[in-house]
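Visitor: Quick one: the structure is below, questions incoming.
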Amino acid sequence: MTEYPTSQEGPQPATAAATPAPGGSAVPSAAGVVADDLGHGKAPVPAEATRPEIPTARRPDPGPEGVPARDTEAAHNAGHGEDPGPATAPAESVAFGDGGGGAGRHGGGAVIAGGQAGETGVARREGDRLRFVGAATRRIARGIDLDEIVLGLCRATVPTFSDAILVYLRDPLPVGDERPVGPMVLRLRRTDRLRPIDDLIDGTKAAVGFAVGLDLAGVTGASGELDFSQLPLVGPQGDLPAAELCEIRAGGALAEVLRGVRPVFGSSAAARAALPELLGAEHPLPGGQRAILAPLRGRRRVIGAAVFLRSPERPAFEQNDLLVAAQLATHTALGIDKAVLYGREASIADELQRTMLPDSLPQPTGVRLASRYLPAAETARVGGDWYDAIPLPGSRVALVVGDVMGHSMTSAAIMGQLRTTAQTLAQLDLPPAEVLHHLDEQAQRLGSDRMATCLYAVYDPVSHRITIANAGHPPPVLLHLGGLAEVLKVPSGAPIGVGGVDFEAVELDAPAGATLLLYTDGLVESRMRDVWTGIEQLRERLATTAQLTGLDHPPPLEALCDDVLDMLGPGDRDDDIALLAARFVGIAPNDVAYWSLDPEETAPGRARRFARRALARWGLEEELSDSLELLVSEVVTNAVRYAERPVTLRLLRTDVLRCEVGDDSPQLPRQRRARDTDEGGRGLFLVNRMARRWGATRLSSGKVVWFELALPGSPERR
């Protein structure tokens with residue numbers, strides 16, 4: 001008789017309940033077979049009482065009709081410190097338990113009591129099958145990724161249903177409605193087998209023989225001990241070598257079996273031709289109905305195959321076992337489909353999040369930047385938080401942090417659109433309040449329920465000032481060089497997407513050595529604390545960190561970001577977190593030279609003289625005078641040609657020498673190749689050849705053309 005005890009996660013010993021025997025002595029009742037640790041491929045371990053040759057295993061007299069006797073499940077529960085309660089089946093009937101915990105907790109267990117009172121052998125076997133299928137499908141359904149689902153199939157079936165299993169899956173696995181291209185190839189994904197008996201049990205010869213259904217004659221050594229080397233085992237992939245890859249031939253036997261979808265016995269004509277094609281001609285197969293080939297069909301197509309094998313010493317598969325194999329294959333295939341789709345979605349979410357956030361932060365003049373992003377959870381790796389740093393004309397930089405409502409792909413897509421809009425508006429050099437106003441209009445165009453918070457700040461390293469506008473976002477925290485941390489008083493404003501509201505900007509000092517921390521609410525708000533409590537904890541954390549590193553120099557930016565994230569406790573990760581830290585370095589006043597030139601013919605000559613004086617003051621006249629004067633003359637000449645208002649000229653000495661020329665014409669210059677007969681058009685060609693970098697930026701009041709020259713001794717000096 002084939003038994004199908006349900007699987008369970010951990011090994012449980014078989015326990016026989018003591019039942020009063022006639023005469024007053026207590027002897028074990030008819031104990032059952034406990035299917036221990038089916039999730040780990042172990043064989044069922046019988047209680048000694050089930051062996052009729054053991055005289056102590058006497059069956060108790062059945063009680064009066066209608067009075068249930070204690071069965072092995074009750075005794076098993078009692079052995080685990082639980083109240084066994086009244087048994088639901090009379091003695092000598094089949095009772096299924098879960099090892100004292102319930103099928104929902106352990107995936108199911110089985111205790112089969114001896115006897116067949118009130119139940120025929122056929123009905124009992126069919127009940128066993130149903131219980132096994134229920135427990136096995138629950139075990140398979142618990143998996144969320146591909147490996148877990150395949151492992152669940154193997155652990156649920158070995159050794160309860162088969163002694164070995166081989167699982168083949170398509171390579172690559174198709175996703176959703178994708179139509180596979182090229183030939184169908186199956187790759188061996190996982191194998192599982194019955195483990196050596198001495199690893200599974202430490203019992204008597206009777207227990208071993210019963211566990212695998214063996215006649216122990218011929219496997220007992222001279223000393224009477226079992227010779228485990230003689231026990232038949234279905235080996236792993238190394239013992240019974242199976243083909244790693246199998247290319248399905250169109251019109252072949254294997255293709256026909258897979259097309260038929262239904263499992264077939266290995267002894268059938270179709271399987272006898274298909275199995276050597278799948279496993280390889282050298283792979284031995286058990287005779288008779290001891291192999292089942294079950295196609296794995298997903299929602300749209302066949303995605304693999306499973307082979308169930310039994311050793312010759314075990315009863316062969318029955319006709320109804322094909323139905324069991326079909327159920328297992330169906331649940332596994334649908335689970336694999338689900339896992340593949342989930343994996344694709346997670347991959348898309350990761351890629352989307354990476355593309356929505358900057359790959360690396362710029363390092364503009366006068367400021368140092370560091371950032372962090374943490375998703376809310378591993379299963380929700382995409383969200384609506386973002387940060388950005390955008391270089392602006394005049395060596396300024398825009399610092400942006402925002403949070404779109406929600407944690408879905410839609411939130412991430414809206415975040416990407418708002419981030420792109422903010423970058424475009426920043427390049428127009430609009431004031432911070434005006435940028436938020438346009439972002440609010442854009443959010444309303446995206447939908448009535450598209451809301452977000454955002455904080456936009458512009459730092460000027462020359463004036464050491466920062467202008468901040470806020471749209472419903474948590475206020476930034478400024479860490480001064482002396483260790484003082486303060487929450488900046490910035491008008492909160494309404495979130496982006498509300499519409500019909502004005503945004504107010506404030507201008508604050510940004511002293512050199514100070515650190516500005518911009519963040520999203522996931523850092524300071526959780527189920528364990530409100531937002532203002534979190535902000536105060538953040539302020540205290542920054543002050544403590546500054547004191548530890550010393551009051552005369554600021555803490556390193558990267559270490560500061562890590563230390564801020566360390567303040568999060570186990571229950572503080574309810575939302576994704578975006579963090580942007582800016583260390584203000586600034587540009588000293590003696591490293592800046594500024595002039596205003598009237599748009600007249602003498603302006604280029606005056607610009608050359610001003611530039612020469614600045615280089616002499618900085619000690620750079622000998623190395624850079626010729627190059628700088630030539631490029632300044634070309635750029636100023638082009639500006640004077642189109643300007644109607646005074647032209648500005650500014651030189652900044654940092655790690656490079658930067659020259660900026662501004663005028664009121666919005667038309668950006670474009671480099672072109674001048675013909676031999678052209679009188680002009682060669683200015684930008686010279687700038688492109690001689691400058692380290694150059695560019696042009698449109699402003700609300702005109703444009704700025706800038707270029708950089710490497711300082712003497714710099715490795716980038718041309």
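In the structure tokens, chains take letters A, B, ... by order of appearance, with residues numbered from 1 within each chain and ligands from 1 in the order shown.
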So that I can check the surroundings of segment 511-519 of chain A, please list as a PyMOL selection string every protein, DNA and RNA residue that reaches within 9 Å of it, counting only C-alpha atoms and ignoring chain neighbours fewer than 4 positions away.
Guide: chain A and resi 366+387+399-402+455+461+464-465+473-482+523-524+553-554+557+577-587
Visitor: DSSP on the backbone, then: every residue of segment 438-678 of chain A marked strand (DSSP E or B), written as a PyMOL selection string.
Guide: chain A and resi 452-460+465-471+477-479+485-487+496+505-509+515-519+526+529+577-584+592-597+647-653+656-663
Visitor: Kindly indicate which residue among A:Val687, A:Ala329, A:Ile303, A:Met356 lies nearest to Glu634 of chain A, using only C-alpha atoms for the distances.
Guide: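 Using only C-alpha atoms, Glu634 of chain A sits closest to A:Val687.
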Visitor: From a backbone DSSP assignment, name each residue in segment 499-677 of chain A labelled helix (DSSP H, G or I), as number ranges by chain.
Guide: A: 521-523, 531-549, 557-565, 589-591, 603-618, 621-642
Visitor: Can you check which parts of segment 328-403 of chain A lie within 10 Å of segment 437-452 of chain A? Per residue, the shortest pair of atoms and distance in Å to one decimal, counting only C-alpha atoms, sorted by chain and number, as JSON lines.
Guide:
```
{"residue": "A:Gly384", "atom": "CA", "partner": "A:Ala452", "partner_atom": "CA", "distance": 8.5}
{"residue": "A:Asp385", "atom": "CA", "partner": "A:Ala452", "partner_atom": "CA", "distance": 9.2}
{"residue": "A:Gly402", "atom": "CA", "partner": "A:Ala452", "partner_atom": "CA", "distance": 7.0}
{"residue": "A:Asp403", "atom": "CA", "partner": "A:Ala452", "partner_atom": "CA", "distance": 5.4}
```
Visitor: Between A:Val185, A:Leu169, A:Thr330, A:Gly251, single out the one closest to Ala141 of chain A, counting only C-alpha atoms.
Guide: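 Using only C-alpha atoms, Ala141 of chain A sits closest to A:Thr330.
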Visitor: Measure the distance from atom CA of Ala543 of chain A to atom CA of Ala370 of chain A in Å and round it to one decimal.
Guide: 18.3 Å
Visitor: Contacts of Ser162 of chain A at 8 Å or less, counting only C-alpha atoms, minus same-chain residues fewer than 5 places along, as a list in words?
Guide: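 The residues that qualify are Thr157, Phe308, Leu309 and Arg310 of chain A.
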Visitor: Have a look at atom CA of Ala253 of chain A and atom CA of Glu277 of chain A and let me know their distance in Å, one decimal.
Guide: 8.0 Å
Visitor: Between atom CA of Ala643 of chain A and atom CA of Arg682 of chain A, measure the distance and give it in Å to one decimal.
Guide: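 Rounded to one decimal, the two atoms are 19.3 Å apart.
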Visitor: May I have the residues within 8 Å of Ser267 of chain A as a PyMOL selection string, using only C-alpha atoms and disregarding those fewer than 4 positions away in the same chain?
Guide: chain A and resi 271-272+287-291
Visitor: Pick the closest to Ile292 of chain A from A:Val167, A:Arg249, A:Asp359, A:Glu351: which is it, counting only C-alpha atoms?
Guide: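 Among A:Val167, A:Arg249, A:Asp359, A:Glu351, it is A:Val167 that comes nearest to Ile292 of chain A.
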Visitor: As an NGL selection string, please: the residues near Glu660 of chain A (cut-off 7 Å, only C-alpha atoms, same-chain neighbours under 2 positions excluded).
Guide: :A and (649-651 or 658 or 662 or 704-707)
Visitor: May I have the residues from that selection written out with C-alpha atoms, as a PDB file, in the first residue's frame?
Guide:
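Wrote it out as again.pdb, contents follow:
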```
ATOM      1  CA  LEU A 649      32.951  89.943 -16.994  1.00  0.00           C
ATOM      2  CA  ARG A 650      33.871  87.822 -13.985  1.00  0.00           C
ATOM      3  CA  LEU A 651      36.995  85.795 -13.189  1.00  0.00           C
ATOM      4  CA  ARG A 658      36.931  80.329 -14.687  1.00  0.00           C
ATOM      5  CA  GLY A 662      27.123  87.714 -19.528  1.00  0.00           C
ATOM      6  CA  VAL A 704      26.232  83.536 -19.842  1.00  0.00           C
ATOM      7  CA  VAL A 705      29.143  82.141 -21.843  1.00  0.00           C
ATOM      8  CA  TRP A 706      31.902  80.630 -19.713  1.00  0.00           C
ATOM      9  CA  PHE A 707      35.167  78.770 -20.092  1.00  0.00           C
TER      10      PHE A 707
END
```
